[in-house]
>>> print(open('run.tsv').read())   # TSV, C-alpha atoms
chain	number	residue	atom	x	y	z
W	1	MET	CA	61.26	-19.12	52.49
W	2	ALA	CA	62.73	-19.38	49.02
W	3	ASP	CA	62.09	-16.59	46.55
W	4	ASN	CA	60.23	-18.07	43.50
W	5	SER	CA	60.05	-14.84	41.53
W	6	PHE	CA	63.08	-15.85	39.47
W	7	SER	CA	64.03	-19.14	37.85
W	8	ASP	CA	67.50	-19.41	36.48
W	9	GLY	CA	67.65	-15.67	36.29
W	10	VAL	CA	64.36	-15.31	34.28
W	11	PRO	CA	61.45	-13.40	35.90
W	12	ALA	CA	58.33	-15.55	36.53
W	13	ASP	CA	55.95	-13.11	34.79
W	14	SER	CA	58.07	-13.24	31.63
W	15	MET	CA	57.96	-17.01	31.67
W	16	GLU	CA	54.15	-16.93	32.06
W	17	ALA	CA	53.77	-14.48	29.14
W	18	ALA	CA	55.94	-16.64	26.91
W	19	LYS	CA	53.91	-19.70	27.85
W	20	ASN	CA	50.61	-17.90	26.99
W	21	ALA	CA	52.01	-16.70	23.68
W	22	SER	CA	53.06	-20.24	22.83
W	23	ASN	CA	49.59	-21.57	23.65
W	24	THR	CA	47.93	-18.83	21.56
W	25	GLU	CA	50.19	-19.63	18.61
W	26	LYS	CA	49.34	-23.33	18.84
W	27	LEU	CA	45.59	-22.53	19.03
W	28	THR	CA	45.88	-20.23	16.00
W	29	ASP	CA	47.67	-22.93	14.04
W	30	GLN	CA	44.92	-25.43	14.92
W	31	VAL	CA	42.15	-23.00	13.88
W	32	MET	CA	43.85	-22.07	10.61
W	33	GLN	CA	44.17	-25.75	9.74
W	34	ASN	CA	40.37	-26.11	9.96
W	35	PRO	CA	39.08	-25.99	6.34
W	36	GLN	CA	35.65	-24.63	7.38
W	37	VAL	CA	37.22	-21.71	9.21
W	38	LEU	CA	39.49	-20.99	6.26
W	39	ALA	CA	36.55	-21.07	3.85
W	40	ALA	CA	34.54	-18.67	6.02
W	41	LEU	CA	37.47	-16.26	6.28
W	42	GLN	CA	38.06	-16.41	2.53
W	43	GLU	CA	34.38	-15.68	1.83
W	44	ARG	CA	34.49	-12.63	4.08
W	45	LEU	CA	37.63	-11.41	2.36
W	46	ASP	CA	36.02	-11.93	-1.04
W	47	ASN	CA	32.94	-9.98	-0.02
W	48	VAL	CA	34.99	-7.11	1.32
W	49	SER	CA	37.36	-6.91	-1.59
W	50	HIS	CA	34.78	-7.36	-4.34
W	51	THR	CA	32.05	-4.87	-3.42
W	52	PRO	CA	31.24	-2.39	-6.22
W	53	SER	CA	32.30	0.59	-4.12
W	54	SER	CA	35.64	-0.95	-3.25
W	55	TYR	CA	36.21	-1.73	-6.94
W	56	ILE	CA	35.46	1.88	-7.90
W	57	GLU	CA	37.98	3.10	-5.33
W	58	THR	CA	40.74	1.15	-7.09
W	59	LEU	CA	40.16	2.84	-10.44
W	60	PRO	CA	42.48	5.56	-11.75
W	61	LYS	CA	41.42	9.19	-11.31
W	62	ALA	CA	40.86	9.60	-15.04
W	63	VAL	CA	38.31	6.76	-15.03
W	64	LYS	CA	36.58	8.15	-11.92
W	65	ARG	CA	36.29	11.47	-13.70
W	66	ARG	CA	34.48	9.80	-16.61
W	67	ILE	CA	32.17	7.98	-14.19
W	68	ASN	CA	31.21	11.34	-12.68
W	69	ALA	CA	30.34	12.54	-16.18
W	70	LEU	CA	28.07	9.50	-16.61
W	71	LYS	CA	26.32	10.36	-13.36
W	72	GLN	CA	25.61	13.85	-14.67
W	73	LEU	CA	24.04	12.28	-17.73
W	74	GLN	CA	21.98	10.03	-15.46
W	75	VAL	CA	20.61	13.04	-13.58
W	76	LYS	CA	19.58	14.63	-16.89
W	77	CYS	CA	17.83	11.37	-17.81
W	78	ALA	CA	15.91	11.49	-14.53
W	79	HIS	CA	14.68	15.00	-15.33
W	80	ILE	CA	13.54	13.87	-18.79
W	81	GLU	CA	11.75	10.95	-17.15
W	82	ALA	CA	9.99	13.40	-14.83
W	83	LYS	CA	8.72	15.31	-17.89
W	84	PHE	CA	7.49	12.02	-19.34
W	85	TYR	CA	5.39	11.35	-16.23
W	86	GLU	CA	3.98	14.87	-16.36
W	87	GLU	CA	2.71	14.13	-19.86
W	88	VAL	CA	1.34	10.80	-18.63
W	89	HIS	CA	-0.62	12.77	-16.03
W	90	ASP	CA	-1.99	14.97	-18.82
W	91	LEU	CA	-3.06	11.81	-20.69
W	92	GLU	CA	-4.74	10.46	-17.56
W	93	ARG	CA	-6.71	13.68	-17.30
W	94	LYS	CA	-7.71	13.46	-20.97
W	95	TYR	CA	-8.91	9.87	-20.75
W	96	ALA	CA	-10.61	10.45	-17.40
W	97	ALA	CA	-12.96	12.75	-19.29
W	98	LEU	CA	-13.70	9.90	-21.72
W	99	TYR	CA	-14.34	7.41	-18.91
W	100	GLN	CA	-16.60	9.75	-16.94
W	101	PRO	CA	-19.82	9.31	-19.03
W	102	LEU	CA	-19.51	5.54	-18.46
W	103	PHE	CA	-18.93	6.05	-14.74
W	104	ASP	CA	-21.94	8.39	-14.60
W	105	LYS	CA	-24.10	5.70	-16.17
W	106	ARG	CA	-22.65	3.20	-13.69
W	107	ARG	CA	-23.84	5.42	-10.86
W	108	GLU	CA	-27.33	5.66	-12.39
W	109	PHE	CA	-27.60	1.86	-12.55
W	110	ILE	CA	-26.29	1.48	-8.98
W	111	THR	CA	-28.66	4.06	-7.49
W	112	GLY	CA	-31.61	2.85	-9.59
W	113	ASP	CA	-32.17	6.22	-11.22
W	114	VAL	CA	-31.97	4.45	-14.60
W	115	GLU	CA	-32.88	0.86	-15.47
W	116	PRO	CA	-30.51	-0.78	-18.00
W	117	THR	CA	-32.02	-1.98	-21.26
W	118	ASP	CA	-32.06	-5.65	-22.24
W	119	ALA	CA	-29.12	-5.03	-24.57
W	120	GLU	CA	-27.15	-3.30	-21.80
W	121	SER	CA	-27.92	-6.16	-19.39
W	122	GLU	CA	-26.83	-8.94	-21.71
W	123	TRP	CA	-23.68	-10.71	-20.54
W	124	HIS	CA	-22.18	-13.99	-21.71
W	125	SER	CA	-20.54	-15.78	-18.80
W	126	GLU	CA	-18.01	-18.61	-19.09
W	127	ASN	CA	-20.55	-21.11	-17.69
W	128	GLU	CA	-23.43	-19.84	-19.79
W	129	GLU	CA	-24.13	-23.17	-21.55
W	130	GLU	CA	-24.13	-25.15	-18.30
W	131	GLU	CA	-26.35	-22.59	-16.63
W	132	LYS	CA	-28.77	-22.63	-19.59
W	133	LEU	CA	-29.00	-26.45	-19.57
W	134	ALA	CA	-29.58	-26.55	-15.83
W	135	GLY	CA	-32.19	-23.82	-16.15
W	136	ASP	CA	-34.06	-25.68	-18.91
W	137	MET	CA	-34.18	-28.89	-16.88
W	138	LYS	CA	-35.36	-27.08	-13.80
W	139	SER	CA	-38.05	-25.19	-15.71
W	140	LYS	CA	-39.54	-28.44	-17.05
W	141	VAL	CA	-39.87	-29.84	-13.56
W	142	VAL	CA	-41.05	-26.83	-11.58
W	143	VAL	CA	-42.58	-24.40	-14.03
W	144	ALA	CA	-45.43	-23.45	-11.74
W	145	GLU	CA	-43.18	-23.03	-8.69
W	146	LYS	CA	-40.74	-20.94	-10.66
W	147	GLU	CA	-43.47	-18.58	-11.88
W	148	GLU	CA	-44.80	-18.22	-8.36
W	149	ALA	CA	-41.31	-17.57	-6.93
W	150	ALA	CA	-40.58	-15.02	-9.68
W	151	ALA	CA	-43.75	-13.18	-8.82
W	152	GLU	CA	-42.78	-13.02	-5.15
W	153	GLU	CA	-39.06	-12.25	-5.73
W	154	PRO	CA	-38.18	-8.77	-4.41
W	155	ASN	CA	-36.96	-6.17	-6.87
W	156	PRO	CA	-34.97	-3.58	-4.90
W	157	LYS	CA	-33.98	-0.29	-6.43
W	158	GLY	CA	-30.62	-0.30	-8.19
W	159	ILE	CA	-27.85	-2.38	-6.61
W	160	PRO	CA	-28.18	-2.06	-2.83
W	161	GLU	CA	-25.01	-1.50	-0.77
W	162	PHE	CA	-22.80	-1.60	-3.85
W	163	TRP	CA	-19.86	0.41	-2.52
W	164	PHE	CA	-20.26	-0.89	1.02
W	165	THR	CA	-19.91	-4.43	-0.35
W	166	ILE	CA	-16.64	-3.42	-2.02
W	167	PHE	CA	-15.38	-2.14	1.33
W	168	ARG	CA	-16.21	-5.50	2.88
W	169	ASN	CA	-14.59	-7.47	0.05
W	170	VAL	CA	-11.25	-5.61	0.00
W	171	ASP	CA	-9.08	-6.40	3.02
W	172	MET	CA	-7.22	-3.10	2.82
W	173	LEU	CA	-10.52	-1.25	3.31
W	174	SER	CA	-12.40	-3.65	5.59
W	175	GLU	CA	-9.61	-3.31	8.15
W	176	LEU	CA	-10.48	0.39	8.48
W	177	VAL	CA	-14.23	-0.08	8.84
W	178	GLN	CA	-15.73	-0.36	12.32
W	179	GLU	CA	-19.17	-1.78	13.01
W	180	TYR	CA	-20.60	1.69	13.65
W	181	ASP	CA	-19.21	2.87	10.26
W	182	GLU	CA	-21.25	0.33	8.33
W	183	PRO	CA	-24.68	2.06	8.45
W	184	ILE	CA	-23.03	5.24	7.16
W	185	LEU	CA	-21.17	3.56	4.30
W	186	LYS	CA	-24.43	2.01	3.10
W	187	HIS	CA	-25.38	5.57	2.02
W	188	LEU	CA	-22.30	5.85	-0.24
W	189	GLN	CA	-23.49	6.19	-3.84
W	190	ASP	CA	-20.33	6.89	-5.84
W	191	ILE	CA	-16.58	7.44	-5.70
W	192	LYS	CA	-14.90	9.65	-8.28
W	193	VAL	CA	-11.31	10.58	-9.13
W	194	LYS	CA	-10.55	14.14	-10.26
W	195	PHE	CA	-7.12	15.05	-11.67
W	196	SER	CA	-5.46	18.43	-11.21
W	197	ASP	CA	-6.00	21.03	-13.93
W	198	PRO	CA	-3.33	21.76	-16.56
W	199	GLY	CA	-0.58	24.01	-15.22
W	200	GLN	CA	-1.42	23.18	-11.60
W	201	PRO	CA	0.79	21.11	-9.28
W	202	MET	CA	0.27	17.39	-9.84
W	203	SER	CA	-2.48	15.97	-7.60
W	204	PHE	CA	-5.73	14.03	-7.61
W	205	VAL	CA	-8.90	14.22	-5.53
W	206	LEU	CA	-11.07	11.34	-4.33
W	207	GLU	CA	-14.73	12.32	-4.06
W	208	PHE	CA	-17.08	10.19	-1.95
W	209	HIS	CA	-20.70	10.98	-2.84
W	210	PHE	CA	-23.37	10.21	-0.21
W	211	GLU	CA	-27.13	10.29	-0.37
W	212	PRO	CA	-28.91	12.32	2.35
W	213	ASN	CA	-28.45	10.54	5.67
W	214	ASP	CA	-28.83	10.89	9.43
W	215	TYR	CA	-25.09	11.23	10.12
W	216	PHE	CA	-23.71	14.32	8.35
W	217	THR	CA	-24.87	17.04	6.01
W	218	ASN	CA	-22.03	16.89	3.44
W	219	PRO	CA	-23.20	15.48	0.10
W	220	VAL	CA	-19.53	14.91	-0.84
W	221	LEU	CA	-16.45	14.10	1.25
W	222	THR	CA	-13.08	14.74	-0.39
W	223	LYS	CA	-9.48	13.64	0.02
W	224	THR	CA	-6.74	15.41	-1.97
W	225	TYR	CA	-3.43	13.70	-2.65
W	226	LYS	CA	-0.51	15.93	-3.62
W	227	MET	CA	2.14	14.42	-5.85
W	228	LYS	CA	5.71	15.18	-6.88
W	229	SER	CA	7.28	14.19	-10.17
W	230	GLU	CA	10.81	15.49	-10.03
W	231	PRO	CA	14.10	14.03	-8.88
W	232	ASP	CA	15.16	14.82	-5.33
W	233	LYS	CA	18.11	17.22	-5.38
W	234	ALA	CA	19.78	15.35	-2.54
W	235	ASP	CA	19.22	11.91	-4.10
W	236	PRO	CA	18.29	12.22	-7.80
W	237	PHE	CA	19.04	8.56	-8.56
W	238	SER	CA	16.17	7.41	-6.32
W	239	PHE	CA	13.58	8.86	-8.72
W	240	GLU	CA	11.17	6.18	-10.00
W	241	GLY	CA	8.23	8.28	-11.10
W	242	PRO	CA	5.53	10.37	-9.39
W	243	GLU	CA	5.03	9.82	-5.68
W	244	ILE	CA	2.41	11.02	-3.22
W	245	VAL	CA	4.03	13.46	-0.81
W	246	ASP	CA	1.10	14.82	1.21
W	247	CYS	CA	-2.68	14.76	1.50
W	248	ASP	CA	-5.54	16.94	2.74
W	249	GLY	CA	-8.91	15.82	3.99
W	250	CYS	CA	-12.11	17.76	4.59
W	251	THR	CA	-14.31	18.82	7.49
W	252	ILE	CA	-17.25	16.50	8.08
W	253	ASP	CA	-20.35	18.35	9.28
W	254	TRP	CA	-21.62	15.73	11.70
W	255	LYS	CA	-25.15	15.91	12.97
W	256	LYS	CA	-25.54	16.14	16.74
W	257	GLY	CA	-24.48	12.96	18.50
W	258	LYS	CA	-23.55	11.18	15.25
W	259	ASN	CA	-19.79	11.76	15.08
W	260	VAL	CA	-18.25	8.27	15.04
W	261	THR	CA	-14.66	9.59	15.00
W	262	VAL	CA	-14.85	10.57	18.67
W	263	LYS	CA	-16.22	8.92	21.79
W	264	THR	CA	-17.26	10.42	25.11
W	265	ILE	CA	-15.70	9.09	28.29
W	266	ARG	CA	-16.47	9.88	31.92
W	267	LYS	CA	-13.70	10.47	34.43
W	268	LYS	CA	-13.84	11.07	38.18
W	269	GLN	CA	-11.72	13.86	39.70
W	270	LYS	CA	-11.02	14.35	43.39
W	271	HIS	CA	-10.43	17.83	44.78
W	272	LYS	CA	-7.08	17.92	46.62
W	273	GLY	CA	-8.20	20.34	49.33
W	274	ARG	CA	-11.85	19.54	50.00
W	275	GLY	CA	-11.72	15.86	49.04
W	276	THR	CA	-14.89	16.17	47.00
W	277	VAL	CA	-15.31	14.06	43.87
W	278	ARG	CA	-16.77	15.23	40.61
W	279	THR	CA	-17.41	13.43	37.32
W	280	ILE	CA	-16.34	15.09	34.08
W	281	THR	CA	-16.91	14.02	30.49
W	282	LYS	CA	-14.57	14.57	27.59
W	283	GLN	CA	-14.27	13.48	23.98
W	284	VAL	CA	-11.34	11.38	22.79
W	285	PRO	CA	-10.47	10.07	19.29
W	286	ASN	CA	-12.26	6.92	18.19
W	287	GLU	CA	-11.22	4.42	15.52
W	288	SER	CA	-13.27	4.87	12.36
W	289	PHE	CA	-12.96	4.76	8.59
W	290	PHE	CA	-14.00	8.42	8.58
W	291	ASN	CA	-10.67	9.37	10.15
W	292	PHE	CA	-9.53	8.85	6.54
W	293	PHE	CA	-10.75	12.43	5.94
W	294	ASN	CA	-8.59	13.83	8.75
W	295	PRO	CA	-5.16	12.55	7.70
W	296	LEU	CA	-1.81	12.92	9.35
W	297	LYS	CA	0.19	15.71	7.71
W	298	ALA	CA	3.57	15.04	6.18
W	299	SER	CA	6.33	16.98	7.89
W	300	GLY	CA	7.19	20.04	5.83
W	301	ASP	CA	9.52	21.80	8.22
W	302	GLY	CA	12.45	19.42	7.88
W	303	GLU	CA	11.60	17.49	11.03
W	304	SER	CA	11.33	13.73	10.60
W	305	LEU	CA	8.22	11.82	11.65
W	306	ASP	CA	8.40	8.98	14.13
W	307	GLU	CA	8.20	5.40	12.86
W	308	ASP	CA	4.49	4.94	13.64
W	309	SER	CA	3.57	8.20	11.93
W	310	GLU	CA	5.60	7.31	8.84
W	311	PHE	CA	3.82	3.93	8.65
W	312	THR	CA	0.40	5.58	9.04
W	313	LEU	CA	1.19	8.10	6.31
W	314	ALA	CA	2.56	5.43	3.95
W	315	SER	CA	-0.58	3.31	4.49
W	316	ASP	CA	-2.78	6.32	3.75
W	317	PHE	CA	-0.90	6.99	0.50
W	318	GLU	CA	-1.24	3.33	-0.48
W	319	ILE	CA	-5.00	3.36	0.12
W	320	GLY	CA	-5.43	6.56	-1.90
W	321	HIS	CA	-3.46	5.08	-4.77
W	322	PHE	CA	-5.50	1.87	-4.61
W	323	PHE	CA	-8.78	3.79	-4.84
W	324	ARG	CA	-7.47	5.70	-7.85
W	325	GLU	CA	-5.85	2.85	-9.77
W	326	ARG	CA	-8.03	-0.15	-8.90
W	327	ILE	CA	-11.29	0.46	-7.02
W	328	VAL	CA	-12.79	3.31	-9.06
W	329	PRO	CA	-11.90	2.02	-12.55
W	330	ARG	CA	-12.90	-1.62	-11.80
W	331	ALA	CA	-15.61	-1.22	-9.17
W	332	VAL	CA	-17.98	-3.93	-10.44
W	333	LEU	CA	-15.20	-6.54	-10.38
W	334	TYR	CA	-14.41	-5.74	-6.74
W	335	PHE	CA	-18.14	-5.93	-5.99
W	336	THR	CA	-18.39	-9.42	-7.51
W	337	GLY	CA	-14.99	-10.48	-6.13
W	338	GLU	CA	-13.51	-11.29	-9.54
W	339	ALA	CA	-10.79	-8.64	-9.27
W	340	ILE	CA	-9.87	-9.91	-5.80
W	341	GLU	CA	-9.49	-13.45	-7.13
W	342	ASP	CA	-7.28	-12.13	-9.93
W	343	ASP	CA	-5.11	-10.26	-7.41
W	344	ASP	CA	-4.78	-13.40	-5.25
W	345	ASN	CA	-3.83	-15.57	-8.22
W	346	PHE	CA	-1.20	-13.06	-9.31
W	347	GLU	CA	0.35	-13.00	-5.84
W	348	GLU	CA	0.41	-16.80	-5.67
W	349	GLY	CA	2.14	-16.91	-9.04
W	350	GLU	CA	4.83	-14.56	-7.83
W	351	GLU	CA	5.48	-16.72	-4.76
W	352	GLY	CA	5.60	-19.87	-6.85
W	353	GLU	CA	8.14	-18.30	-9.19
W	354	GLU	CA	10.27	-17.24	-6.26
W	355	GLU	CA	10.29	-20.79	-4.85
W	356	GLU	CA	11.28	-22.18	-8.23
W	357	LEU	CA	14.19	-19.76	-8.50
W	358	GLU	CA	15.34	-20.71	-5.02
W	359	GLY	CA	15.32	-24.36	-6.08
W	360	ASP	CA	17.45	-23.51	-9.11
W	361	GLU	CA	19.92	-21.71	-6.91
W	362	GLU	CA	20.33	-24.69	-4.61
W	363	GLY	CA	20.84	-27.15	-7.42
W	364	GLU	CA	22.92	-25.03	-9.80
W	365	ASP	CA	25.43	-23.05	-7.81
W	366	GLU	CA	27.93	-22.91	-10.66
W	367	ASP	CA	25.39	-21.58	-13.16
W	368	ASP	CA	24.27	-18.97	-10.65
W	369	ALA	CA	27.86	-17.86	-10.21
W	370	GLU	CA	28.04	-17.27	-13.94
W	371	ILE	CA	24.82	-15.26	-14.00
W	372	ASN	CA	25.87	-13.15	-11.02
W	373	PRO	CA	29.67	-12.84	-11.26
W	374	LYS	CA	31.56	-11.14	-8.47
W	375	VAL	CA	33.39	-8.16	-9.83
>>> encode(input="run.tsv", output="structure tokens")
Amino acid sequence: MADNSFSDGVPADSMEAAKNASNTEKLTDQVMQNPQVLAALQERLDNVSHTPSSYIETLPKAVKRRINALKQLQVKCAHIEAKFYEEVHDLERKYAALYQPLFDKRREFITGDVEPTDAESEWHSENEEEEKLAGDMKSKVVVAEKEEAAAEEPNPKGIPEFWFTIFRNVDMLSELVQEYDEPILKHLQDIKVKFSDPGQPMSFVLEFHFEPNDYFTNPVLTKTYKMKSEPDKADPFSFEGPEIVDCDGCTIDWKKGKNVTVKTIRKKQKHKGRGTVRTITKQVPNESFFNFFNPLKASGDGESLDEDSEFTLASDFEIGHFFRERIVPRAVLYFTGEAIEDDDNFEEGEEGEEEELEGDEEGEDEDDAEINPKV
């Protein structure tokens, strides 16, 4: 049999390698002649070569030295900004004292301890004229029926279920409330915000005031949010103002059999040796709004929390901030739903603006390139 390992003195494997190299070269030429491939490659090269960090790396050492000096100035600015927010906190404390008499009167009207005067009850709505006209027409037709209905109309004390209604109206809060929480929240009479005293670490306390009830003996449940207003030493440029860093709840003194934060389950156990079966009961955590007062603790020992714990903690901080900034100062508007409508309209406006900007980008690529030049 003839030996085919050589052809004209050239090894067969060398001939095969040369053939493959020739095919690869032809394929490369074909790809590089494709304008779409060339454009994609060029875009990737542009992105790599024009990133801010890559630009900084090309600068002379003398310029980099001056940039480092600017960063030192920026850190000093962050520390001044931190002092600014500390003074803002002092102002919040000052004006909280001015708001409090109004909030105290609000509580008296809600609980029915005080009845507002005619002057205090007067309110001119946007549809006042239409309502007045409709009322006049109706009164002419059914004067007798109206008087009879007015006589029979109930007159409950204060504004029943005021704070509970706010919980139902605000999605962020209603998601936390279980059906068995509702009877308890109907006893909620007031929510207050207390700021930390001068010279103390920055914090605020949410106070939930309850009337006497069948569920727990505490007249007040508290949640303390601890804040930090100083640049992080490891990342000072991330400072954007005070942030909540931890929170503490309180112990709820539940009456016997009324603790909604736990549930009792029964479990059967079989003895390995004798084969006998016994039933045991134990308490396990139960979903409830009142877990709000037993919060997850932020890790203070340098260990990082898992993703679920970080999300839970961030949600807790967001709720605490929302109580402080929105619910307590504007309670009546969340009760009527007007504040919720305002929030929804604002969010829709933001989305609309974003869509409009996207349309501009699609139709005006050249203008966009001028606004956002690649360095």
>>> atom_distance(input="run.tsv", atom1="CA of Gly199 (chain W)", atom2="CA of Ile244 (chain W)")
17.9 Å
>>> atom_distance(input="run.tsv", atom1="CA of Lys258 (chain W)", atom2="CA of Lys282 (chain W)")
15.6 Å
>>> closest_atom_pairs(input="run.tsv", of="region 43-103 of chain W", to="region 319-337 of chain W", cutoff="10 Å", atoms="all atoms listed in the file", output="tab-separated table")
residue	atom	partner	partner_atom	distance
W:Ala96	CA	W:Pro329	CA	9.8
W:Tyr99	CA	W:Pro329	CA	8.7
W:Phe103	CA	W:Pro329	CA	8.4
>>> axis_aligned_box(input="run.tsv", around="region 101-104 of chain W", padding_each_side="4 Å", output="lines of an AutoDock Vina configuration file")
center_x = -20.4
center_y = 7.4
center_z = -16.8
size_x = 11.0
size_y = 11.8
size_z = 12.4
>>> closest_residue(input="run.tsv", among="W:Asn291, W:Ile184, W:Glu57, W:Cys247", to="Pro212 (chain W)", atoms="only C-alpha atoms")
W:Ile184
>>> atom_distance(input="run.tsv", atom1="CA of Ile340 (chain W)", atom2="CA of Leu173 (chain W)")
12.6 Å
>>> residues_around(input="run.tsv", residues="Lys255 (chain W)", least_positions_apart="6", cutoff="10 Å", atoms="all atoms listed in the file", output="short mmCIF file (atom, residue, chain, number, x, y, z; two decimals) with C-alpha atoms, in the frame of the given file")
data_model
loop_
_atom_site.label_atom_id
_atom_site.label_comp_id
_atom_site.auth_asym_id
_atom_site.auth_seq_id
_atom_site.Cartn_x
_atom_site.Cartn_y
_atom_site.Cartn_z
CA ASN W 213 -28.45 10.54 5.67
CA ASP W 214 -28.83 10.89 9.43
CA TYR W 215 -25.09 11.23 10.12
CA PHE W 216 -23.71 14.32 8.35
CA THR W 217 -24.87 17.04 6.01
#
>>> closest_residue(input="run.tsv", among="W:Tyr180, W:Phe208, W:Tyr55, W:Phe311", to="Ile252 (chain W)", atoms="all atoms listed in the file")
W:Phe208
>>> closest_residue(input="run.tsv", among="W:Glu92, W:Glu153, W:Glu108, W:Glu338", to="Met202 (chain W)", atoms="only C-alpha atoms")
W:Glu92
>>> closest_residue(input="run.tsv", among="W:Lys194, W:Arg107, W:Arg65, W:Arg274", to="Phe210 (chain W)", atoms="all atoms listed in the file")
W:Arg107
>>> residues_around(input="run.tsv", residues="Asp232 (chain W)", least_positions_apart="4", cutoff="12 Å", atoms="all atoms listed in the file", output="ChimeraX atom specification")
/W:75,78-79,82,228,236-243
>>> residues_near_point(input="run.tsv", point="(-11.8, 13.9, -7.4)", cutoff="8 Å", atoms="only C-alpha atoms", output="PyMOL selection string")
chain W and resi 192-195+204-207+222-224
